[in-house]
$ cat final.txt   # compact mmCIF, C-alpha atoms
# COMPACT_ATOMS: atom_id res chain seq x y z
CA MET A 6 -74.77 -76.47 -19.66
CA SER A 7 -78.20 -77.77 -20.56
CA ASN A 8 -80.19 -76.77 -23.61
CA SER A 9 -83.30 -78.73 -22.59
CA PRO A 10 -85.55 -76.20 -20.85
CA SER A 11 -88.34 -77.35 -18.55
CA VAL A 12 -91.88 -77.44 -19.90
CA GLN A 13 -93.30 -76.48 -16.47
CA ARG A 14 -92.10 -72.84 -16.40
CA SER A 15 -91.44 -69.85 -18.57
CA PRO A 16 -88.17 -69.99 -20.52
CA ARG A 17 -85.19 -68.32 -18.86
CA VAL A 18 -83.20 -65.99 -21.07
CA PHE A 19 -79.86 -64.30 -20.49
CA ILE A 20 -78.90 -61.39 -22.74
CA SER A 21 -75.26 -61.08 -23.77
CA TYR A 22 -74.26 -57.75 -25.30
CA SER A 23 -71.49 -55.16 -25.48
CA HIS A 24 -71.72 -51.72 -23.90
CA ASP A 25 -71.49 -49.81 -27.17
CA SER A 26 -73.21 -46.65 -25.90
CA ASP A 27 -75.84 -45.46 -23.43
CA ALA A 28 -78.43 -45.57 -26.21
CA HIS A 29 -77.51 -49.18 -27.01
CA ARG A 30 -77.71 -50.12 -23.32
CA GLN A 31 -81.18 -48.61 -23.14
CA ARG A 32 -82.26 -50.50 -26.24
CA VAL A 33 -81.06 -53.78 -24.75
CA LEU A 34 -82.85 -52.99 -21.48
CA ALA A 35 -86.05 -52.20 -23.40
CA LEU A 36 -85.82 -55.58 -25.13
CA SER A 37 -85.41 -57.34 -21.79
CA GLU A 38 -88.35 -55.45 -20.31
CA ARG A 39 -90.56 -56.39 -23.24
CA LEU A 40 -89.59 -60.05 -22.96
CA ARG A 41 -90.51 -59.94 -19.27
CA LYS A 42 -93.82 -58.26 -20.07
CA ASP A 43 -94.54 -61.08 -22.55
CA GLY A 44 -93.86 -63.81 -20.00
CA ILE A 45 -90.18 -64.57 -20.69
CA ASP A 46 -87.87 -64.67 -17.63
CA ALA A 47 -85.17 -62.37 -19.02
CA ASP A 48 -82.02 -61.26 -17.21
CA LEU A 49 -78.98 -59.08 -17.93
CA ASP A 50 -76.30 -57.23 -15.99
CA GLN A 51 -78.30 -53.99 -15.76
CA TYR A 52 -80.57 -55.54 -13.12
CA VAL A 53 -77.63 -55.93 -10.72
CA GLN A 54 -77.18 -53.13 -8.20
CA GLY A 55 -73.50 -52.37 -7.85
CA ALA A 56 -71.27 -55.43 -8.24
CA PRO A 57 -72.43 -59.00 -7.50
CA ALA A 58 -71.01 -60.59 -4.34
CA GLU A 59 -69.44 -63.44 -6.31
CA GLY A 60 -67.77 -61.08 -8.78
CA TRP A 61 -68.68 -60.44 -12.40
CA PRO A 62 -66.91 -63.45 -13.98
CA ARG A 63 -68.64 -65.99 -11.74
CA TRP A 64 -71.96 -64.13 -12.00
CA MET A 65 -71.82 -64.34 -15.78
CA LEU A 66 -70.92 -68.03 -15.73
CA ASN A 67 -73.82 -68.69 -13.35
CA ARG A 68 -76.21 -66.75 -15.59
CA LEU A 69 -75.09 -68.66 -18.68
CA ASP A 70 -75.63 -71.93 -16.83
CA TRP A 71 -79.01 -70.77 -15.46
CA ALA A 72 -80.40 -69.73 -18.81
CA ASP A 73 -82.36 -71.93 -21.20
CA PHE A 74 -81.42 -69.54 -24.00
CA VAL A 75 -78.68 -66.94 -24.43
CA LEU A 76 -79.53 -64.02 -26.70
CA LEU A 77 -76.45 -62.53 -28.36
CA ILE A 78 -76.97 -58.88 -29.38
CA CYS A 79 -74.61 -58.73 -32.35
CA THR A 80 -72.95 -55.44 -33.25
CA PRO A 81 -69.48 -54.66 -34.66
CA THR A 82 -68.27 -53.94 -31.12
CA TYR A 83 -69.70 -57.20 -29.81
CA TYR A 84 -68.05 -59.14 -32.63
CA HIS A 85 -64.72 -57.38 -32.04
CA ARG A 86 -64.76 -58.28 -28.35
CA PHE A 87 -66.09 -61.80 -28.95
CA ARG A 88 -63.03 -62.45 -31.11
CA GLY A 89 -60.76 -61.15 -28.33
CA HIS A 90 -59.55 -58.15 -30.34
CA GLU A 91 -60.34 -55.53 -27.73
CA GLU A 92 -57.66 -53.61 -25.88
CA PRO A 93 -56.63 -55.22 -22.56
CA GLY A 94 -59.08 -54.38 -19.79
CA ASN A 95 -61.98 -53.49 -22.07
CA GLY A 96 -64.96 -55.65 -22.96
CA LYS A 97 -64.09 -58.39 -20.48
CA GLY A 98 -67.74 -59.45 -20.08
CA VAL A 99 -68.09 -60.41 -23.72
CA ASP A 100 -64.63 -61.96 -23.62
CA TRP A 101 -65.60 -64.30 -20.76
CA GLU A 102 -68.97 -65.13 -22.27
CA SER A 103 -67.48 -65.87 -25.69
CA ALA A 104 -65.14 -68.49 -24.23
CA VAL A 105 -68.01 -70.26 -22.46
CA ILE A 106 -70.30 -70.07 -25.49
CA THR A 107 -67.64 -71.40 -27.86
CA ASP A 108 -66.84 -74.29 -25.52
CA ALA A 109 -70.52 -75.18 -25.13
CA ILE A 110 -71.09 -75.23 -28.88
CA TYR A 111 -67.99 -77.38 -29.34
CA ASP A 112 -69.14 -79.81 -26.64
CA GLU A 113 -72.56 -80.10 -28.29
CA ARG A 114 -70.94 -80.64 -31.73
CA SER A 115 -72.87 -77.56 -32.94
CA ALA A 116 -76.21 -79.30 -32.25
CA THR A 117 -77.55 -76.74 -29.77
CA LEU A 118 -80.33 -74.17 -30.05
CA LYS A 119 -79.37 -72.42 -26.81
CA PHE A 120 -77.44 -69.52 -28.33
CA VAL A 121 -79.56 -67.18 -30.44
CA PRO A 122 -78.02 -64.28 -32.43
CA LEU A 123 -80.09 -61.06 -32.48
CA LEU A 124 -79.68 -57.92 -34.58
CA PHE A 125 -81.11 -54.47 -34.04
CA ASP A 126 -79.87 -53.42 -37.49
CA PRO A 127 -79.87 -55.67 -40.61
CA ALA A 128 -76.46 -54.21 -41.53
CA ASP A 129 -74.96 -55.99 -38.49
CA GLU A 130 -75.44 -59.49 -39.92
CA LYS A 131 -71.69 -59.72 -40.57
CA SER A 132 -71.15 -59.15 -36.83
CA ILE A 133 -72.61 -62.54 -35.90
CA PRO A 134 -69.72 -64.53 -34.33
CA GLU A 135 -68.52 -67.53 -36.33
CA PRO A 136 -69.51 -70.22 -33.77
CA VAL A 137 -73.18 -69.22 -34.13
CA ARG A 138 -73.17 -67.97 -37.71
CA GLY A 139 -75.01 -71.10 -38.86
CA HIS A 140 -77.76 -70.60 -36.27
CA ARG A 141 -81.13 -68.99 -37.00
CA PHE A 142 -80.90 -65.27 -36.20
CA TYR A 143 -83.58 -62.64 -35.66
CA CYS A 144 -83.46 -59.01 -36.78
CA LEU A 145 -85.59 -57.04 -34.34
CA SER A 146 -86.12 -54.15 -36.72
CA SER A 147 -89.59 -55.60 -37.39
CA ALA A 148 -92.47 -56.73 -35.20
CA ILE A 149 -92.69 -59.92 -37.26
CA GLU A 150 -89.19 -60.97 -36.22
CA TYR A 151 -89.90 -60.27 -32.55
CA GLN A 152 -92.97 -62.51 -32.78
CA ALA A 153 -90.83 -65.19 -34.47
CA LEU A 154 -88.26 -64.96 -31.67
CA TYR A 155 -91.01 -65.18 -29.06
CA ASP A 156 -92.54 -68.22 -30.79
CA PHE A 157 -89.13 -69.90 -30.89
CA LEU A 158 -88.40 -69.33 -27.19
CA LEU A 159 -91.77 -70.64 -26.06
CA GLY A 160 -92.00 -73.40 -28.65
CA GLN A 161 -88.61 -74.84 -27.72
CA SER A 162 -89.69 -74.76 -24.06
CA GLY A 163 -92.77 -76.87 -24.73
CA ILE A 164 -95.14 -73.91 -24.27
CA GLU A 165 -97.77 -73.04 -26.86
CA PRO A 166 -96.90 -69.60 -28.29
CA ARG A 167 -99.56 -66.91 -28.63
CA THR A 168 -99.92 -63.99 -30.98
CA LEU A 169 -98.62 -60.82 -29.38
CA ASP A 170 -99.94 -57.34 -29.79
CA ALA A 171 -97.72 -55.57 -32.28
CA PRO A 172 -95.86 -52.59 -30.79
CA LYS A 173 -97.18 -49.18 -31.69
CA LEU A 174 -95.53 -47.96 -34.85
CA LYS A 175 -94.29 -44.49 -35.52
CA ALA A 176 -96.13 -42.50 -38.19
CA ARG A 177 -93.39 -43.16 -40.76
CA GLU A 178 -93.51 -46.91 -40.12
CA ARG A 179 -97.29 -46.91 -40.57
CA ALA A 180 -96.91 -45.06 -43.85
CA GLU A 181 -94.20 -47.45 -45.14
CA PRO A 182 -95.12 -50.92 -43.84
CA GLN A 183 -93.25 -52.76 -46.61
CA ARG A 184 -89.92 -51.78 -45.06
CA THR A 185 -90.68 -53.94 -42.04
CA ARG A 186 -92.21 -56.85 -43.97
CA ARG A 187 -89.44 -57.70 -46.38
CA LEU A 188 -89.73 -61.28 -47.60
CA HIS A 189 -86.58 -63.27 -48.28
CA ILE A 190 -86.97 -65.88 -51.03
CA PRO A 191 -84.62 -68.91 -51.08
CA ASP A 192 -81.81 -68.77 -53.61
CA ILE A 193 -81.93 -72.10 -55.49
CA THR A 194 -79.21 -73.38 -57.83
CA TRP A 195 -80.88 -75.26 -60.69
CA VAL A 196 -79.45 -77.95 -62.96
CA GLU A 197 -81.00 -78.70 -66.34
CA ILE A 198 -81.79 -82.36 -67.01
CA PRO A 199 -82.21 -82.74 -70.80
CA GLY A 200 -85.24 -84.55 -72.15
CA GLY A 201 -85.08 -87.89 -73.90
CA PRO A 202 -84.91 -91.63 -73.15
CA PHE A 203 -83.09 -93.10 -70.15
CA VAL A 204 -82.65 -96.40 -68.35
CA TYR A 205 -85.08 -96.72 -65.46
CA ARG A 206 -84.88 -99.32 -62.70
CA ASN A 207 -83.68 -102.70 -64.02
CA GLY A 208 -83.29 -101.85 -67.68
CA GLU A 209 -86.68 -100.41 -68.58
CA ILE A 210 -86.45 -97.58 -71.11
CA ARG A 211 -88.49 -94.52 -70.23
CA GLU A 212 -88.61 -91.00 -71.65
CA LEU A 213 -89.07 -87.63 -69.97
CA PRO A 214 -89.21 -84.02 -71.16
CA THR A 215 -86.55 -81.53 -70.06
CA PHE A 216 -86.79 -80.43 -66.43
CA TRP A 217 -84.71 -78.56 -63.86
CA ILE A 218 -83.75 -79.98 -60.48
CA ALA A 219 -82.13 -78.30 -57.48
CA ARG A 220 -78.42 -79.00 -57.18
CA TYR A 221 -78.80 -79.60 -53.42
CA PRO A 222 -81.50 -80.69 -50.96
CA VAL A 223 -83.49 -77.90 -49.34
CA THR A 224 -81.49 -76.46 -46.44
CA ASN A 225 -82.53 -75.22 -43.02
CA ALA A 226 -82.04 -71.60 -44.11
CA GLN A 227 -84.22 -72.09 -47.18
CA TYR A 228 -87.01 -73.83 -45.28
CA GLN A 229 -86.89 -71.17 -42.57
CA THR A 230 -88.13 -68.60 -45.09
CA PHE A 231 -91.36 -70.61 -45.38
CA ILE A 232 -91.72 -70.60 -41.60
CA ASP A 233 -90.97 -66.88 -41.37
CA ASP A 234 -93.66 -66.17 -43.95
CA ARG A 235 -96.13 -67.99 -41.69
CA GLY A 236 -96.36 -70.89 -44.09
CA TYR A 237 -97.81 -73.20 -41.44
CA GLU A 238 -100.70 -70.79 -40.90
CA GLU A 239 -101.75 -70.25 -44.53
CA PRO A 240 -104.54 -72.74 -45.51
CA ARG A 241 -103.91 -72.59 -49.27
CA TRP A 242 -100.53 -74.32 -48.96
CA TRP A 243 -102.16 -77.23 -47.09
CA GLU A 244 -105.13 -78.08 -49.28
CA ASP A 245 -105.63 -81.89 -49.34
CA LEU A 246 -102.68 -82.23 -46.94
CA LYS A 247 -102.41 -83.02 -43.24
CA ARG A 248 -100.83 -80.07 -41.48
CA PRO A 249 -98.56 -81.20 -38.60
CA LYS A 250 -97.20 -79.12 -35.75
CA ARG A 251 -93.85 -77.70 -36.78
CA GLN A 252 -90.80 -79.59 -35.57
CA ASP A 253 -87.23 -78.29 -35.54
CA SER A 254 -84.44 -79.84 -37.55
CA THR A 255 -82.14 -82.06 -35.49
CA TRP A 256 -79.14 -80.25 -36.93
CA PRO A 257 -80.20 -76.59 -37.34
CA GLN A 258 -77.11 -75.20 -39.08
CA SER A 259 -78.26 -73.05 -41.99
CA ASN A 260 -76.45 -74.96 -44.77
CA ARG A 261 -77.39 -78.48 -43.67
CA PRO A 262 -80.39 -80.29 -45.21
CA ARG A 263 -83.73 -79.57 -43.55
CA THR A 264 -84.71 -82.78 -41.76
CA ASP A 265 -87.50 -83.85 -39.39
CA LEU A 266 -90.30 -83.00 -41.80
CA ASP A 267 -92.91 -85.13 -43.51
CA TRP A 268 -94.14 -85.42 -47.10
CA TYR A 269 -97.00 -83.01 -46.45
CA GLU A 270 -94.60 -80.29 -45.25
CA ALA A 271 -92.36 -80.77 -48.28
CA VAL A 272 -95.34 -80.40 -50.63
CA ALA A 273 -96.60 -77.31 -48.77
CA PHE A 274 -93.16 -75.69 -49.11
CA THR A 275 -93.09 -76.31 -52.86
CA ARG A 276 -96.54 -74.74 -53.25
CA TRP A 277 -95.50 -71.70 -51.23
CA LEU A 278 -92.30 -71.15 -53.17
CA ASN A 279 -94.02 -71.72 -56.51
CA ALA A 280 -96.47 -68.91 -55.67
CA ARG A 281 -93.81 -66.58 -54.28
CA LEU A 282 -91.75 -66.97 -57.47
CA GLY A 283 -94.81 -66.25 -59.60
CA LEU A 284 -94.54 -69.50 -61.55
CA PRO A 285 -97.47 -71.22 -63.28
CA GLU A 286 -99.30 -73.36 -60.73
CA GLY A 287 -97.60 -76.71 -60.19
CA SER A 288 -94.37 -75.77 -61.99
CA LEU A 289 -92.25 -76.16 -58.87
CA ARG A 290 -92.79 -79.40 -56.94
CA LEU A 291 -91.18 -82.56 -55.62
CA PRO A 292 -89.63 -84.81 -58.27
CA THR A 293 -91.26 -88.09 -59.18
CA GLU A 294 -89.15 -91.22 -58.81
CA LEU A 295 -88.59 -91.29 -62.57
CA GLU A 296 -87.29 -87.72 -62.58
CA TRP A 297 -85.19 -88.25 -59.49
CA GLU A 298 -83.66 -91.42 -60.92
CA LYS A 299 -82.76 -89.84 -64.26
CA ALA A 300 -81.09 -86.92 -62.46
CA ALA A 301 -79.10 -89.41 -60.38
CA ARG A 302 -78.27 -92.13 -62.94
CA GLY A 303 -78.10 -90.26 -66.24
CA GLU A 304 -79.25 -91.76 -69.52
CA GLN A 305 -77.26 -94.99 -69.17
CA GLY A 306 -78.53 -95.99 -65.72
CA ARG A 307 -75.50 -95.79 -63.41
CA ILE A 308 -75.68 -97.74 -60.15
CA TYR A 309 -74.36 -94.79 -58.16
CA PRO A 310 -74.37 -91.20 -59.41
CA TRP A 311 -70.63 -91.43 -60.12
CA GLY A 312 -70.46 -94.95 -61.57
CA ALA A 313 -70.96 -98.67 -61.16
CA LYS A 314 -69.30 -99.25 -57.76
CA TYR A 315 -69.28 -97.54 -54.41
CA ARG A 316 -66.22 -95.38 -53.76
CA SER A 317 -65.16 -94.55 -50.22
CA GLY A 318 -65.59 -90.89 -49.34
CA HIS A 319 -68.01 -90.15 -52.18
CA ALA A 320 -71.11 -89.88 -50.00
CA ASN A 321 -72.17 -89.30 -46.40
CA VAL A 322 -73.13 -92.88 -45.49
CA ASP A 323 -72.13 -95.51 -42.94
CA GLU A 324 -69.11 -97.11 -44.59
CA LYS A 325 -67.97 -98.92 -41.44
CA GLY A 326 -71.07 -101.09 -41.05
CA GLU A 327 -70.31 -103.01 -44.25
CA ASP A 328 -66.54 -102.51 -43.98
CA VAL A 329 -66.32 -100.66 -47.30
CA GLY A 330 -64.50 -97.61 -45.97
CA GLN A 331 -63.38 -95.71 -42.89
CA TRP A 332 -66.10 -93.05 -42.73
CA TYR A 333 -69.23 -92.84 -40.59
CA LEU A 334 -69.96 -89.28 -39.46
CA GLU A 335 -73.17 -90.16 -37.57
CA GLN A 336 -74.93 -86.95 -38.67
CA THR A 337 -75.86 -84.90 -41.70
CA THR A 338 -73.33 -82.66 -43.41
CA ALA A 339 -73.65 -79.31 -45.14
CA VAL A 340 -74.95 -79.70 -48.69
CA GLY A 341 -72.37 -79.85 -51.48
CA LEU A 342 -69.50 -81.33 -49.44
CA TYR A 343 -69.19 -84.34 -51.78
CA PRO A 344 -68.77 -82.77 -55.26
CA HIS A 345 -66.82 -85.83 -56.47
CA GLY A 346 -70.01 -87.85 -55.87
CA CYS A 347 -72.19 -85.77 -58.18
CA SER A 348 -74.40 -87.20 -60.91
CA PRO A 349 -73.63 -87.11 -64.67
CA TYR A 350 -75.45 -83.76 -64.85
CA GLY A 351 -73.67 -82.22 -61.87
CA VAL A 352 -76.38 -82.71 -59.24
CA ASP A 353 -74.96 -83.14 -55.71
CA ASP A 354 -75.95 -85.21 -52.67
CA LEU A 355 -78.15 -87.68 -54.53
CA ALA A 356 -76.38 -90.47 -52.63
CA GLY A 357 -76.35 -90.35 -48.84
CA ASN A 358 -76.79 -87.44 -46.43
CA VAL A 359 -80.64 -87.54 -46.34
CA TRP A 360 -83.43 -89.59 -47.85
CA GLU A 361 -85.40 -87.45 -50.30
CA TRP A 362 -89.18 -87.42 -50.56
CA CYS A 363 -90.57 -88.04 -54.05
CA LEU A 364 -93.97 -86.87 -55.27
CA ASN A 365 -95.49 -90.24 -56.14
CA LYS A 366 -96.91 -93.05 -54.06
CA HIS A 367 -94.57 -96.00 -53.64
CA ASP A 368 -97.03 -98.58 -54.89
CA ASP A 369 -98.21 -96.50 -57.86
CA VAL A 370 -95.56 -94.36 -59.55
CA ALA A 371 -98.24 -92.63 -61.62
CA SER A 372 -100.17 -91.52 -58.52
CA ILE A 373 -98.85 -88.07 -57.68
CA ALA A 374 -101.93 -86.15 -56.51
CA PRO A 375 -101.89 -85.08 -52.85
CA ASP A 376 -104.42 -86.76 -50.57
CA LYS A 377 -104.93 -87.66 -46.93
CA SER A 378 -105.14 -91.42 -47.48
CA GLY A 379 -101.90 -92.13 -45.67
CA ASP A 380 -100.68 -94.31 -48.55
CA ARG A 381 -96.91 -94.67 -48.42
CA ARG A 382 -94.83 -92.26 -50.47
CA ALA A 383 -91.46 -93.02 -52.04
CA LEU A 384 -88.04 -91.81 -50.92
CA ARG A 385 -84.72 -92.10 -52.70
CA GLY A 386 -80.99 -91.69 -52.10
CA GLY A 387 -80.11 -93.29 -48.78
CA SER A 388 -78.84 -91.27 -45.84
CA TRP A 389 -75.99 -90.77 -43.38
CA ILE A 390 -77.32 -93.52 -41.09
CA TYR A 391 -77.52 -96.27 -43.77
CA ASP A 392 -74.80 -98.26 -45.53
CA PRO A 393 -73.82 -97.62 -49.18
CA ASP A 394 -76.15 -100.28 -50.56
CA PHE A 395 -79.13 -98.09 -49.68
CA ALA A 396 -77.50 -95.15 -51.49
CA ARG A 397 -77.66 -96.92 -54.85
CA ALA A 398 -79.65 -94.72 -57.22
CA ILE A 399 -81.92 -97.65 -58.04
CA TYR A 400 -82.92 -98.32 -54.43
CA ARG A 401 -86.51 -97.50 -53.44
CA PHE A 402 -87.65 -96.76 -49.90
CA ARG A 403 -91.18 -96.16 -48.66
CA THR A 404 -92.81 -94.70 -45.57
CA PRO A 405 -96.14 -93.12 -44.56
CA PRO A 406 -96.38 -89.47 -45.67
CA GLY A 407 -96.75 -88.29 -42.08
CA PHE A 408 -93.46 -89.86 -40.95
CA ARG A 409 -90.67 -87.52 -39.79
CA ASP A 410 -87.11 -88.46 -38.95
CA LEU A 411 -83.65 -87.00 -38.53
CA ASN A 412 -82.40 -88.52 -41.79
CA GLY A 413 -85.12 -87.43 -44.22
CA GLY A 414 -85.30 -84.32 -46.39
CA PHE A 415 -86.28 -83.25 -49.92
CA ARG A 416 -85.19 -81.34 -53.00
CA LEU A 417 -87.07 -79.30 -55.59
CA LEU A 418 -87.91 -79.78 -59.25
CA SER A 419 -89.17 -77.22 -61.76
CA SER A 420 -90.82 -78.05 -65.06
CA VAL A 421 -89.99 -74.57 -66.38
CA PRO A 422 -86.59 -72.82 -66.52
CA ILE A 423 -86.09 -70.29 -63.73
CA GLU A 424 -83.13 -68.26 -62.57
CA PRO A 425 -81.80 -68.22 -59.00
CA VAL A 426 -83.27 -65.45 -56.87
CA ARG A 427 -80.60 -62.89 -55.93

$ encode --input "final.txt" --output "C-alpha cells"
Amino acid sequence: MSNSPSVQRSPRVFISYSHDSDAHRQRVLALSERLRKDGIDADLDQYVQGAPAEGWPRWMLNRLDWADFVLLICTPTYYHRFRGHEEPGNGKGVDWESAVITDAIYDERSATLKFVPLLFDPADEKSIPEPVRGHRFYCLSSAIEYQALYDFLLGQSGIEPRTLDAPKLKARERAEPQRTRRLHIPDITWVEIPGGPFVYRNGEIRELPTFWIARYPVTNAQYQTFIDDRGYEEPRWWEDLKRPKRQDSTWPQSNRPRTDLDWYEAVAFTRWLNARLGLPEGSLRLPTELEWEKAARGEQGRIYPWGAKYRSGHANVDEKGEDVGQWYLEQTTAVGLYPHGCSPYGVDDLAGNVWEWCLNKHDDVASIAPDKSGDRRALRGGSWIYDPDFARAIYRFRTPPGFRDLNGGFRLLSSVPIEPVR
C-alpha cells in the first residue's frame, strides 16, 4: 500500500468508521460530502448500491489500497471493533480494515502518514486505536480543525491548500466562539540549572546565572500546537527571520523529537510559546552554546553527560560504525528513552537522537540576535545517524540557519522559572 499520493490529482480518501447509529452514519456521510465539495475524492461504503460484486471484504481491501489517505472515525464502538472485541458476526468491516491498517503501519515501521484519526467529539480521544495513537488527529468539532485536516490532505499531496469558507454556525456557536477555538499549549518539563562557574570547552572557566532548560527536545505533538495556532501565518513570530514553507517531520509520532525544521522555525516557535505563556519578551528561547554545554556537562565539564567515556546503550547513536557497541536504530526514538544517559542535572537526550539548534552563530558565540544573513548557526549533541564521538558534549557542529534535515531538532530554555502547563 502506497502512502505517496500523486501531485497531479486530488487526494483520494477512504473513510473507515463503525455503524454506531443512523445519526452517526449521516454525520459520516455529511463529512464525505463536504470533502467532495471541497475537492477531495472521498469514498465510503454508503455510496455502494446493494452489495459490491467482489464482496465486502475484497471491496474494502481495494478501497484501502486505492486511497492516498484513510480517515478513521474514532468512537468507543470503532475502538471496540478495531480491537476485535465485538461479538462474532458484528462489526466485520472494521475488523477487516483494522488488520490491514495494523499490517501496513508495521510494514512502514510506523513512518506513514496515510492513516489519519478523526474525532467528532473530543471525549473520544481515548478511542483512537493504539497503532495510530501517535499520529496527528483532528477533532472536527471546530471549523479550524476541519481546515487543518483539509490543509494536511492537500499539502501532503503536493497541492497548495486554500482557505475554505467556514461552515455556517448555529446561533449558540456564534454567541460562544471560544468553545470552538480552544488553544492547547505544550506541557514542558523544566529542569533548573543553578548559576555559577563551570568548565566550558577545553578548560575555560565561564559563569552563568541560573536558568531553566527543557528536559527533552521539542516533540512533534508540542510543535504541532504552533502549527494549529497558525504560527506560520503570523508575521510577528517571523520578524528578522526567513519563513520557509512548512515541512513534515520524517517520523511524525507525537512523542518523537520534531525534526526537518530550520533555525528560523525553531526561533519562531520559541517566540510564539513565550507570548502564549505570557512571559516577559525573550524569556523563553533557544539556549546558547554556553548554556547548552553547562546543562550537558555540569560544573566539572564531563565529556559525555554521564561521564568521561562512552557507554553502549546510553544514547541513540550509531555504535556499529566505530565498533563501540551493538546498537544502531537508524531513526529517532521517543524522547526520554535513555534516562541512564542524562546529564548531572537530570536533563535527557543531550547526547544523540537529534542535533539541537543553539541560539548563537557558530563563529561568534556572543552573536545571538536573529538576522537574515545566512551566517551559520551552532548545533550540539550529535544524532542517531552519527557515531558516539559526535555526541560528546564538547563537540560543535555548524550549518546554515535555513538547513533542514531528518536528524535535527531543538529544545527550549527559559531565563525565568515557569511551571508546566496542565

$ closest_atom_pairs --input "final.txt" --of "stretch 334-403 of chain A" --to "stretch 315-329 of chain A" --cutoff "12 Å" --atoms "only C-alpha atoms" --output "tab-separated table"
residue	atom	partner	partner_atom	distance
A:Leu334	CA	A:Asn321	CA	7.3
A:Glu335	CA	A:Asp323	CA	7.7
A:Gln336	CA	A:Asn321	CA	8.5
A:Thr337	CA	A:Asn321	CA	7.4
A:Thr338	CA	A:Asn321	CA	7.4
A:Ala339	CA	A:Asn321	CA	10.2
A:Val340	CA	A:Asn321	CA	10.3
A:Gly341	CA	A:Ala320	CA	10.2
A:Leu342	CA	A:Ala320	CA	8.7
A:Tyr343	CA	A:His319	CA	5.9
A:Pro344	CA	A:His319	CA	8.0
A:His345	CA	A:His319	CA	6.2
A:Gly346	CA	A:His319	CA	4.8
A:Cys347	CA	A:His319	CA	8.5
A:Ser348	CA	A:His319	CA	11.2
A:Asp353	CA	A:Ala320	CA	9.6
A:Asp354	CA	A:Ala320	CA	7.2
A:Leu355	CA	A:Ala320	CA	8.7
A:Ala356	CA	A:Ala320	CA	5.9
A:Gly357	CA	A:Asn321	CA	5.0
A:Asn358	CA	A:Asn321	CA	5.0
A:Val359	CA	A:Asn321	CA	8.7
A:Trp360	CA	A:Val322	CA	11.1
A:Gly386	CA	A:Ala320	CA	10.3
A:Gly387	CA	A:Val322	CA	7.7
A:Ser388	CA	A:Val322	CA	5.9
A:Trp389	CA	A:Val322	CA	4.1
A:Ile390	CA	A:Asp323	CA	5.9
A:Tyr391	CA	A:Asp323	CA	5.5
A:Asp392	CA	A:Asp323	CA	4.6
A:Pro393	CA	A:Val322	CA	6.0
A:Asp394	CA	A:Tyr315	CA	8.3
A:Phe395	CA	A:Val322	CA	9.0
A:Ala396	CA	A:Val322	CA	7.8
A:Arg397	CA	A:Tyr315	CA	8.4
A:Ala398	CA	A:Tyr315	CA	11.1

$ atom_distance --input "final.txt" --atom1 "atom CA of A:Leu411" --atom2 "atom CA of A:Asp73"
23.0 Å

$ closest_residue --input "final.txt" --among "A:Thr293, A:Ala153, A:Pro422, A:Thr275" --to "A:Pro199" --atoms "only C-alpha atoms"
A:Pro422

$ residues_near_point --input "final.txt" --point "(-96.8, -72.7, -58.2)" --cutoff "6 Å" --atoms "all atoms listed in the file" --output "list in words"
Arg276, Asn279, Ala280, Leu284, Pro285, Glu286, Gly287, Ser288 and Leu289 of chain A

$ closest_residue --input "final.txt" --among "A:Trp195, A:Trp268, A:Phe203, A:Phe120" --to "A:Ile373" --atoms "only C-alpha atoms"
A:Trp268

$ residues_near_point --input "final.txt" --point "(-89.1, -66.7, -24.5)" --cutoff "9 Å" --atoms "all atoms listed in the file" --output "number ranges by chain"
A: 15-18, 40-41, 43-47, 74, 154-162

$ atom_distance --input "final.txt" --atom1 "atom CA of A:Gln252" --atom2 "atom CA of A:Tyr22"
29.3 Å

$ closest_residue --input "final.txt" --among "A:Arg290, A:Arg385, A:Arg409, A:Arg14" --to "A:Phe216" --atoms "all atoms listed in the file"
A:Arg290

$ closest_residue --input "final.txt" --among "A:Pro57, A:Gly407, A:Gly139, A:Gly413" --to "A:Pro262" --atoms "all atoms listed in the file"
A:Gly413

$ atom_distance --input "final.txt" --atom1 "atom CA of A:Gly201" --atom2 "atom CA of A:Leu295"
12.3 Å

$ residues_around --input "final.txt" --residues "A:Glu212" --least-positions-apart "3" --cutoff "12 Å" --atoms "all atoms listed in the file" --output "PDB file with C-alpha atoms, in the frame of the given file"
ATOM      1  CA  ILE A 198     -81.790 -82.360 -67.010  1.00  0.00           C
ATOM      2  CA  PRO A 199     -82.210 -82.740 -70.800  1.00  0.00           C
ATOM      3  CA  GLY A 200     -85.240 -84.550 -72.150  1.00  0.00           C
ATOM      4  CA  GLY A 201     -85.080 -87.890 -73.900  1.00  0.00           C
ATOM      5  CA  PRO A 202     -84.910 -91.630 -73.150  1.00  0.00           C
ATOM      6  CA  PHE A 203     -83.090 -93.100 -70.150  1.00  0.00           C
ATOM      7  CA  VAL A 204     -82.650 -96.400 -68.350  1.00  0.00           C
ATOM      8  CA  TYR A 205     -85.080 -96.720 -65.460  1.00  0.00           C
ATOM      9  CA  GLU A 209     -86.680-100.410 -68.580  1.00  0.00           C
ATOM     10  CA  THR A 215     -86.550 -81.530 -70.060  1.00  0.00           C
ATOM     11  CA  PHE A 216     -86.790 -80.430 -66.430  1.00  0.00           C
ATOM     12  CA  LEU A 295     -88.590 -91.290 -62.570  1.00  0.00           C
ATOM     13  CA  GLU A 296     -87.290 -87.720 -62.580  1.00  0.00           C
ATOM     14  CA  GLU A 298     -83.660 -91.420 -60.920  1.00  0.00           C
ATOM     15  CA  LYS A 299     -82.760 -89.840 -64.260  1.00  0.00           C
ATOM     16  CA  GLY A 303     -78.100 -90.260 -66.240  1.00  0.00           C
ATOM     17  CA  GLU A 304     -79.250 -91.760 -69.520  1.00  0.00           C
TER      18      GLU A 304
END

$ closest_residue --input "final.txt" --among "A:Ala58, A:Cys79, A:Ile218, A:Cys363" --to "A:Arg403" --atoms "all atoms listed in the file"
A:Cys363

$ axis_aligned_box --input "final.txt" --around "stretch 388-397 of chain A" --padding-each-side "8 Å" --output "AutoDock Vina command-line options"
--center_x -76.5 --center_y -95.5 --center_z -48.0 --size_x 21.3 --size_y 25.5 --size_z 29.8

$ closest_residue --input "final.txt" --among "A:Ser419, A:Lys247, A:Val352, A:Gly312" --to "A:Asp376" --atoms "all atoms listed in the file"
A:Lys247

$ residues_around --input "final.txt" --residues "A:Thr264" --least-positions-apart "2" --cutoff "9 Å" --atoms "all atoms listed in the file" --output "JSON, numbers by chain"
{"A": [224, 225, 253, 254, 255, 256, 257, 261, 262, 266, 267, 359, 409, 410, 411, 412, 413, 414, 415]}
